[in-house]
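Asker: My structure is stored as model.cif, with mmCIF, N, CA, C and O atoms.
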```
data_work
#
loop_
_atom_site.label_atom_id
_atom_site.label_comp_id
_atom_site.auth_asym_id
_atom_site.auth_seq_id
_atom_site.Cartn_x
_atom_site.Cartn_y
_atom_site.Cartn_z
N MET A 1 -140.41 -57.10 18.72
CA MET A 1 -140.18 -58.48 19.07
C MET A 1 -140.87 -58.81 20.39
O MET A 1 -141.50 -59.85 20.51
N ALA A 2 -140.77 -57.91 21.37
CA ALA A 2 -141.39 -58.17 22.66
C ALA A 2 -142.91 -58.23 22.53
O ALA A 2 -143.56 -59.09 23.13
N ARG A 3 -143.49 -57.34 21.75
CA ARG A 3 -144.95 -57.36 21.56
C ARG A 3 -145.39 -58.64 20.85
O ARG A 3 -146.41 -59.23 21.17
N THR A 4 -144.62 -59.05 19.86
CA THR A 4 -144.95 -60.28 19.13
C THR A 4 -144.84 -61.49 20.04
O THR A 4 -145.71 -62.35 20.05
N GLY A 5 -143.77 -61.55 20.83
CA GLY A 5 -143.61 -62.65 21.77
C GLY A 5 -144.70 -62.68 22.82
O GLY A 5 -145.20 -63.73 23.18
N ALA A 6 -145.10 -61.51 23.32
CA ALA A 6 -146.16 -61.44 24.32
C ALA A 6 -147.51 -61.80 23.72
O ALA A 6 -148.42 -62.22 24.44
N GLY A 7 -147.65 -61.67 22.42
CA GLY A 7 -148.91 -61.99 21.77
C GLY A 7 -149.08 -63.45 21.42
O GLY A 7 -150.14 -63.86 20.97
N LEU A 8 -148.04 -64.26 21.61
CA LEU A 8 -148.12 -65.68 21.28
C LEU A 8 -149.02 -66.42 22.27
O LEU A 8 -149.13 -66.02 23.43
N PRO A 9 -149.65 -67.49 21.83
CA PRO A 9 -150.50 -68.27 22.75
C PRO A 9 -149.67 -68.82 23.91
O PRO A 9 -148.59 -69.33 23.71
N GLY A 10 -150.17 -68.70 25.10
CA GLY A 10 -149.49 -69.22 26.27
C GLY A 10 -148.47 -68.27 26.87
O GLY A 10 -147.89 -68.57 27.90
N ALA A 11 -148.25 -67.11 26.25
CA ALA A 11 -147.25 -66.17 26.77
C ALA A 11 -147.76 -65.43 28.00
O ALA A 11 -146.98 -65.05 28.87
N GLU A 12 -149.05 -65.21 28.07
CA GLU A 12 -149.62 -64.50 29.21
C GLU A 12 -151.09 -64.86 29.32
O GLU A 12 -151.68 -65.41 28.41
N PHE A 13 -151.66 -64.56 30.47
CA PHE A 13 -153.09 -64.74 30.63
C PHE A 13 -153.61 -63.62 31.52
O PHE A 13 -152.87 -63.04 32.32
N GLY A 14 -154.85 -63.30 31.34
CA GLY A 14 -155.44 -62.20 32.09
C GLY A 14 -155.72 -62.59 33.54
O GLY A 14 -155.97 -63.74 33.86
N TRP A 15 -155.65 -61.61 34.42
CA TRP A 15 -155.96 -61.81 35.83
C TRP A 15 -156.71 -60.58 36.30
O TRP A 15 -156.31 -59.46 35.97
N PRO A 16 -157.76 -60.77 37.08
CA PRO A 16 -158.53 -59.60 37.54
C PRO A 16 -157.66 -58.68 38.40
O PRO A 16 -156.81 -59.13 39.16
N GLU A 17 -157.91 -57.38 38.26
CA GLU A 17 -157.17 -56.39 39.04
C GLU A 17 -157.90 -56.09 40.35
O GLU A 17 -159.06 -56.45 40.52
N GLY A 18 -157.22 -55.40 41.23
CA GLY A 18 -157.83 -54.89 42.45
C GLY A 18 -158.12 -55.96 43.48
O GLY A 18 -157.47 -57.01 43.54
N TRP A 19 -159.13 -55.65 44.31
CA TRP A 19 -159.48 -56.54 45.42
C TRP A 19 -159.96 -57.90 44.92
O TRP A 19 -159.69 -58.93 45.54
N GLY A 20 -160.70 -57.90 43.82
CA GLY A 20 -161.19 -59.17 43.28
C GLY A 20 -160.07 -60.11 42.91
O GLY A 20 -160.10 -61.31 43.22
N GLY A 21 -159.04 -59.57 42.24
CA GLY A 21 -157.89 -60.39 41.88
C GLY A 21 -157.12 -60.87 43.09
O GLY A 21 -156.65 -62.00 43.14
N GLY A 22 -156.99 -59.99 44.09
CA GLY A 22 -156.30 -60.37 45.32
C GLY A 22 -157.03 -61.48 46.07
O GLY A 22 -156.41 -62.43 46.57
N LEU A 23 -158.36 -61.34 46.16
CA LEU A 23 -159.15 -62.38 46.83
C LEU A 23 -159.13 -63.69 46.06
O LEU A 23 -159.06 -64.77 46.66
N LEU A 24 -159.16 -63.59 44.73
CA LEU A 24 -159.07 -64.80 43.92
C LEU A 24 -157.72 -65.49 44.12
O LEU A 24 -157.65 -66.72 44.24
N LEU A 25 -156.65 -64.71 44.17
CA LEU A 25 -155.32 -65.28 44.42
C LEU A 25 -155.25 -65.92 45.80
O LEU A 25 -154.69 -67.01 45.96
N ALA A 26 -155.82 -65.26 46.80
CA ALA A 26 -155.83 -65.83 48.16
C ALA A 26 -156.61 -67.14 48.19
O ALA A 26 -156.17 -68.12 48.81
N GLY A 27 -157.76 -67.18 47.50
CA GLY A 27 -158.54 -68.41 47.45
C GLY A 27 -157.81 -69.53 46.73
O GLY A 27 -157.83 -70.68 47.17
N ALA A 28 -157.16 -69.20 45.61
CA ALA A 28 -156.41 -70.21 44.87
C ALA A 28 -155.24 -70.72 45.69
O ALA A 28 -154.94 -71.93 45.69
N THR A 29 -154.58 -69.83 46.43
CA THR A 29 -153.47 -70.25 47.28
C THR A 29 -153.96 -71.15 48.40
O THR A 29 -153.35 -72.19 48.71
N GLY A 30 -155.09 -70.78 49.03
CA GLY A 30 -155.66 -71.61 50.08
C GLY A 30 -156.05 -72.99 49.57
O GLY A 30 -155.81 -74.01 50.23
N ALA A 31 -156.66 -73.04 48.39
CA ALA A 31 -157.03 -74.33 47.80
C ALA A 31 -155.80 -75.16 47.49
O ALA A 31 -155.79 -76.38 47.71
N ALA A 32 -154.74 -74.53 46.98
CA ALA A 32 -153.51 -75.26 46.67
C ALA A 32 -152.88 -75.83 47.94
O ALA A 32 -152.39 -76.97 47.95
N VAL A 33 -152.90 -75.06 49.02
CA VAL A 33 -152.35 -75.55 50.29
C VAL A 33 -153.19 -76.71 50.81
O VAL A 33 -152.66 -77.73 51.27
N PHE A 34 -154.52 -76.58 50.74
CA PHE A 34 -155.41 -77.64 51.20
C PHE A 34 -155.19 -78.94 50.42
O PHE A 34 -155.02 -80.00 51.00
N VAL A 35 -155.16 -78.84 49.11
CA VAL A 35 -154.94 -80.01 48.26
C VAL A 35 -153.52 -80.55 48.46
O VAL A 35 -153.29 -81.76 48.50
N GLY A 36 -152.55 -79.63 48.61
CA GLY A 36 -151.16 -80.05 48.81
C GLY A 36 -150.96 -80.85 50.07
O GLY A 36 -150.23 -81.84 50.10
N ARG A 37 -151.64 -80.44 51.15
CA ARG A 37 -151.51 -81.17 52.42
C ARG A 37 -152.08 -82.58 52.29
O ARG A 37 -151.54 -83.53 52.83
N ARG A 38 -153.19 -82.70 51.59
CA ARG A 38 -153.79 -84.03 51.40
C ARG A 38 -152.92 -84.87 50.47
O ARG A 38 -152.86 -86.08 50.61
N ALA A 39 -152.29 -84.23 49.50
CA ALA A 39 -151.48 -84.96 48.52
C ALA A 39 -150.20 -85.53 49.14
O ALA A 39 -149.62 -86.46 48.60
N LEU A 40 -149.77 -84.97 50.26
CA LEU A 40 -148.54 -85.46 50.90
C LEU A 40 -148.66 -86.93 51.31
O LEU A 40 -147.65 -87.61 51.47
N HIS A 41 -149.87 -87.43 51.48
CA HIS A 41 -150.06 -88.82 51.89
C HIS A 41 -150.14 -89.77 50.70
O HIS A 41 -150.32 -90.97 50.89
N HIS A 42 -150.01 -89.24 49.48
CA HIS A 42 -150.07 -90.06 48.27
C HIS A 42 -148.78 -89.83 47.47
O HIS A 42 -148.66 -88.86 46.75
N PRO A 43 -147.80 -90.74 47.61
CA PRO A 43 -146.49 -90.53 46.96
C PRO A 43 -146.57 -90.38 45.44
O PRO A 43 -145.85 -89.58 44.86
N LEU A 44 -147.45 -91.14 44.80
CA LEU A 44 -147.55 -91.06 43.34
C LEU A 44 -148.08 -89.69 42.91
O LEU A 44 -147.59 -89.10 41.95
N LEU A 45 -149.05 -89.18 43.63
CA LEU A 45 -149.59 -87.85 43.34
C LEU A 45 -148.53 -86.77 43.58
O LEU A 45 -148.41 -85.82 42.81
N CYS A 46 -147.74 -86.93 44.64
CA CYS A 46 -146.64 -85.98 44.91
C CYS A 46 -145.64 -85.98 43.76
O CYS A 46 -145.17 -84.92 43.34
N ALA A 47 -145.30 -87.16 43.27
CA ALA A 47 -144.35 -87.25 42.16
C ALA A 47 -144.92 -86.59 40.91
O ALA A 47 -144.20 -85.88 40.19
N ALA A 48 -146.21 -86.78 40.64
CA ALA A 48 -146.84 -86.18 39.47
C ALA A 48 -146.85 -84.66 39.58
O ALA A 48 -146.56 -83.94 38.60
N VAL A 49 -147.16 -84.14 40.76
CA VAL A 49 -147.18 -82.69 40.96
C VAL A 49 -145.77 -82.12 40.84
O VAL A 49 -145.57 -81.06 40.25
N ALA A 50 -144.78 -82.82 41.39
CA ALA A 50 -143.40 -82.35 41.29
C ALA A 50 -142.94 -82.32 39.83
O ALA A 50 -142.28 -81.38 39.40
N LEU A 51 -143.31 -83.34 39.06
CA LEU A 51 -142.95 -83.38 37.65
C LEU A 51 -143.64 -82.25 36.88
O LEU A 51 -143.02 -81.58 36.06
N LEU A 52 -144.91 -82.00 37.17
CA LEU A 52 -145.63 -80.90 36.52
C LEU A 52 -145.01 -79.56 36.85
O LEU A 52 -144.84 -78.70 35.98
N LEU A 53 -144.62 -79.36 38.11
CA LEU A 53 -143.97 -78.11 38.51
C LEU A 53 -142.62 -77.96 37.81
O LEU A 53 -142.28 -76.87 37.33
N LEU A 54 -141.86 -79.04 37.71
CA LEU A 54 -140.57 -78.99 37.03
C LEU A 54 -140.75 -78.62 35.56
O LEU A 54 -140.01 -77.78 35.02
N VAL A 55 -141.73 -79.21 34.90
CA VAL A 55 -141.99 -78.90 33.49
C VAL A 55 -142.42 -77.45 33.34
O VAL A 55 -142.00 -76.75 32.41
N ALA A 56 -143.24 -76.95 34.27
CA ALA A 56 -143.69 -75.56 34.20
C ALA A 56 -142.55 -74.58 34.39
O ALA A 56 -142.52 -73.51 33.77
N VAL A 57 -141.59 -74.92 35.24
CA VAL A 57 -140.47 -74.00 35.51
C VAL A 57 -139.41 -74.09 34.41
O VAL A 57 -138.93 -73.08 33.90
N VAL A 58 -139.04 -75.31 34.02
CA VAL A 58 -137.96 -75.50 33.05
C VAL A 58 -138.43 -75.20 31.63
O VAL A 58 -137.68 -74.67 30.82
N ARG A 59 -139.67 -75.51 31.32
CA ARG A 59 -140.26 -75.30 29.99
C ARG A 59 -139.34 -75.83 28.89
O ARG A 59 -138.74 -75.06 28.14
N PRO A 60 -139.24 -77.18 28.76
CA PRO A 60 -138.38 -77.74 27.72
C PRO A 60 -138.82 -77.27 26.33
O PRO A 60 -140.01 -77.13 26.06
N ALA A 61 -137.85 -77.02 25.47
CA ALA A 61 -138.12 -76.42 24.16
C ALA A 61 -139.13 -77.20 23.33
O ALA A 61 -140.02 -76.59 22.75
N PRO A 62 -139.05 -78.54 23.22
CA PRO A 62 -140.05 -79.23 22.39
C PRO A 62 -141.47 -79.04 22.91
O PRO A 62 -142.40 -78.84 22.13
N LEU A 63 -141.65 -79.05 24.22
CA LEU A 63 -142.99 -78.85 24.79
C LEU A 63 -143.45 -77.41 24.60
O LEU A 63 -144.59 -77.15 24.22
N THR A 64 -142.56 -76.46 24.83
CA THR A 64 -142.90 -75.06 24.66
C THR A 64 -143.27 -74.77 23.21
O THR A 64 -144.24 -74.06 22.94
N ARG A 65 -142.53 -75.34 22.28
CA ARG A 65 -142.82 -75.11 20.86
C ARG A 65 -144.18 -75.70 20.50
O ARG A 65 -144.95 -75.11 19.76
N ALA A 66 -144.50 -76.87 21.05
CA ALA A 66 -145.79 -77.50 20.75
C ALA A 66 -146.95 -76.69 21.30
O ALA A 66 -147.99 -76.58 20.66
N VAL A 67 -146.76 -76.07 22.46
CA VAL A 67 -147.85 -75.32 23.10
C VAL A 67 -147.96 -73.91 22.53
O VAL A 67 -149.06 -73.43 22.24
N THR A 68 -146.84 -73.22 22.36
CA THR A 68 -146.88 -71.80 21.99
C THR A 68 -146.46 -71.51 20.56
O THR A 68 -146.72 -70.43 20.06
N GLY A 69 -145.77 -72.44 19.91
CA GLY A 69 -145.29 -72.17 18.56
C GLY A 69 -144.02 -71.34 18.53
O GLY A 69 -143.59 -70.87 17.48
N TRP A 70 -143.39 -71.14 19.68
CA TRP A 70 -142.18 -70.32 19.78
C TRP A 70 -141.11 -71.12 20.47
O TRP A 70 -141.41 -71.77 21.46
N PRO A 71 -139.89 -71.12 20.10
CA PRO A 71 -139.31 -70.48 18.92
C PRO A 71 -139.68 -71.23 17.65
O PRO A 71 -139.94 -72.43 17.70
N PRO A 72 -139.67 -70.55 16.52
CA PRO A 72 -140.04 -71.20 15.27
C PRO A 72 -139.00 -72.26 14.89
O PRO A 72 -137.83 -72.15 15.23
N PRO A 73 -139.42 -73.31 14.18
CA PRO A 73 -138.47 -74.35 13.77
C PRO A 73 -137.37 -73.77 12.87
O PRO A 73 -137.61 -72.91 12.05
N GLY A 74 -136.16 -74.24 13.07
CA GLY A 74 -135.03 -73.82 12.25
C GLY A 74 -134.45 -72.46 12.61
O GLY A 74 -133.68 -71.90 11.84
N TRP A 75 -134.77 -71.92 13.78
CA TRP A 75 -134.25 -70.60 14.14
C TRP A 75 -132.76 -70.68 14.44
O TRP A 75 -132.25 -71.69 14.88
N ARG A 76 -132.05 -69.61 14.16
CA ARG A 76 -130.60 -69.51 14.42
C ARG A 76 -130.29 -68.44 15.47
O ARG A 76 -129.45 -68.61 16.31
N MET A 77 -130.98 -67.30 15.37
CA MET A 77 -130.74 -66.21 16.30
C MET A 77 -132.03 -65.44 16.51
O MET A 77 -132.83 -65.27 15.60
N VAL A 78 -132.23 -64.99 17.74
CA VAL A 78 -133.39 -64.18 18.07
C VAL A 78 -132.86 -62.91 18.73
O VAL A 78 -132.00 -62.96 19.59
N ALA A 79 -133.36 -61.76 18.29
CA ALA A 79 -132.98 -60.47 18.88
C ALA A 79 -134.22 -59.85 19.52
O ALA A 79 -135.30 -59.87 18.94
N CYS A 80 -134.06 -59.32 20.71
CA CYS A 80 -135.17 -58.69 21.42
C CYS A 80 -134.73 -57.31 21.89
O CYS A 80 -133.78 -57.17 22.65
N ASP A 81 -135.44 -56.28 21.43
CA ASP A 81 -135.16 -54.90 21.82
C ASP A 81 -136.40 -54.38 22.52
O ASP A 81 -137.44 -54.19 21.90
N VAL A 82 -136.32 -54.17 23.83
CA VAL A 82 -137.49 -53.74 24.60
C VAL A 82 -137.41 -52.28 25.04
O VAL A 82 -138.21 -51.84 25.84
N GLY A 83 -136.47 -51.53 24.56
CA GLY A 83 -136.39 -50.11 24.90
C GLY A 83 -135.28 -49.81 25.89
O GLY A 83 -134.44 -48.98 25.63
N GLN A 84 -135.27 -50.46 27.05
CA GLN A 84 -134.23 -50.19 28.03
C GLN A 84 -132.95 -50.96 27.74
O GLN A 84 -131.89 -50.65 28.26
N GLY A 85 -133.04 -51.97 26.93
CA GLY A 85 -131.88 -52.80 26.61
C GLY A 85 -132.26 -53.77 25.53
O GLY A 85 -133.36 -53.75 25.01
N ASP A 86 -131.33 -54.61 25.17
CA ASP A 86 -131.64 -55.62 24.17
C ASP A 86 -130.90 -56.90 24.50
O ASP A 86 -130.07 -56.94 25.40
N ALA A 87 -131.26 -57.97 23.79
CA ALA A 87 -130.62 -59.26 24.03
C ALA A 87 -130.56 -60.03 22.73
O ALA A 87 -131.40 -59.84 21.85
N LEU A 88 -129.57 -60.87 22.62
CA LEU A 88 -129.40 -61.77 21.49
C LEU A 88 -129.29 -63.19 22.02
O LEU A 88 -128.58 -63.43 23.00
N VAL A 89 -129.98 -64.13 21.37
CA VAL A 89 -129.90 -65.54 21.74
C VAL A 89 -129.51 -66.30 20.50
O VAL A 89 -130.15 -66.18 19.46
N LEU A 90 -128.42 -67.06 20.60
CA LEU A 90 -127.94 -67.86 19.47
C LEU A 90 -128.26 -69.33 19.75
O LEU A 90 -128.06 -69.82 20.85
N ALA A 91 -128.72 -70.03 18.71
CA ALA A 91 -128.94 -71.47 18.82
C ALA A 91 -127.59 -72.14 18.65
O ALA A 91 -127.06 -72.24 17.57
N ALA A 92 -127.01 -72.64 19.75
CA ALA A 92 -125.67 -73.21 19.72
C ALA A 92 -125.68 -74.73 19.62
O ALA A 92 -124.64 -75.35 19.61
N GLY A 93 -126.83 -75.32 19.59
CA GLY A 93 -126.92 -76.78 19.50
C GLY A 93 -128.35 -77.20 19.30
O GLY A 93 -129.23 -76.38 19.16
N PRO A 94 -128.58 -78.50 19.31
CA PRO A 94 -129.93 -78.99 19.06
C PRO A 94 -130.84 -78.60 20.21
O PRO A 94 -131.98 -78.42 20.10
#
```
Let me see the structure of the file written as structure tokens.

Answerer:
Amino acid sequence: MARTGAGLPGAEFGWPEGWGGGLLLAGATGAAVFVGRRALHHPLLCAAVALLLLVAVVRPAPLTRAVTGWPPPGWRMVACDVGQGDALVLAAGP
């Protein structure tokens, strides 16, 4: 189940390893800070970024299903066994 879930579109993305990946992360962080500081002077842009961050963190089910195809429509229970433990998720409502 874990391998299947990790293989779904949008579940993961590749990132360079080593110094290259670290420098790329530092550059991306610097760019985000630079753009973020400029965005503070534009309230509408701040609201859009905050909404995008909220959607990325909360990942509402209809949006997640549209992007990744998971969970499948009509699911009732999902079981995940990853070796060290397992979990069960029951669909208790819409």

Asker: So how many Å separate CA of Val82 in chain A and CA of Met1 in chain A, to one decimal?

Answerer: 7.8 Å

Asker: Calculate how many Å separate CA of Ala47 in chain A from atom C of Ala32 in chain A, rounding to one decimal.

Answerer: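 So the two atoms, CA of Ala47 in chain A and atom C of Ala32 in chain A, lie 15.4 Å apart.
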
Asker: Just list as a ChimeraX atom specification whatever in chain A DSSP marks as alpha helix (DSSP H).

Answerer: /A:2-6,18-39,43-58,61-68

Asker: Please expand the PyMOL selection byres ((chain A and resi 93) around 8) into the concrete residues it hits in this file, giving the result as a list in words.

Answerer: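 Selection result, ordered by chain and number: Trp75, Arg76, Leu90, Ala91, Ala92 and Pro94 of chain A.
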
Asker: What is the distance between atom O of Arg37 in chain A and atom N of Ala50 in chain A, in Å to one decimal?

Answerer: 13.3 Å
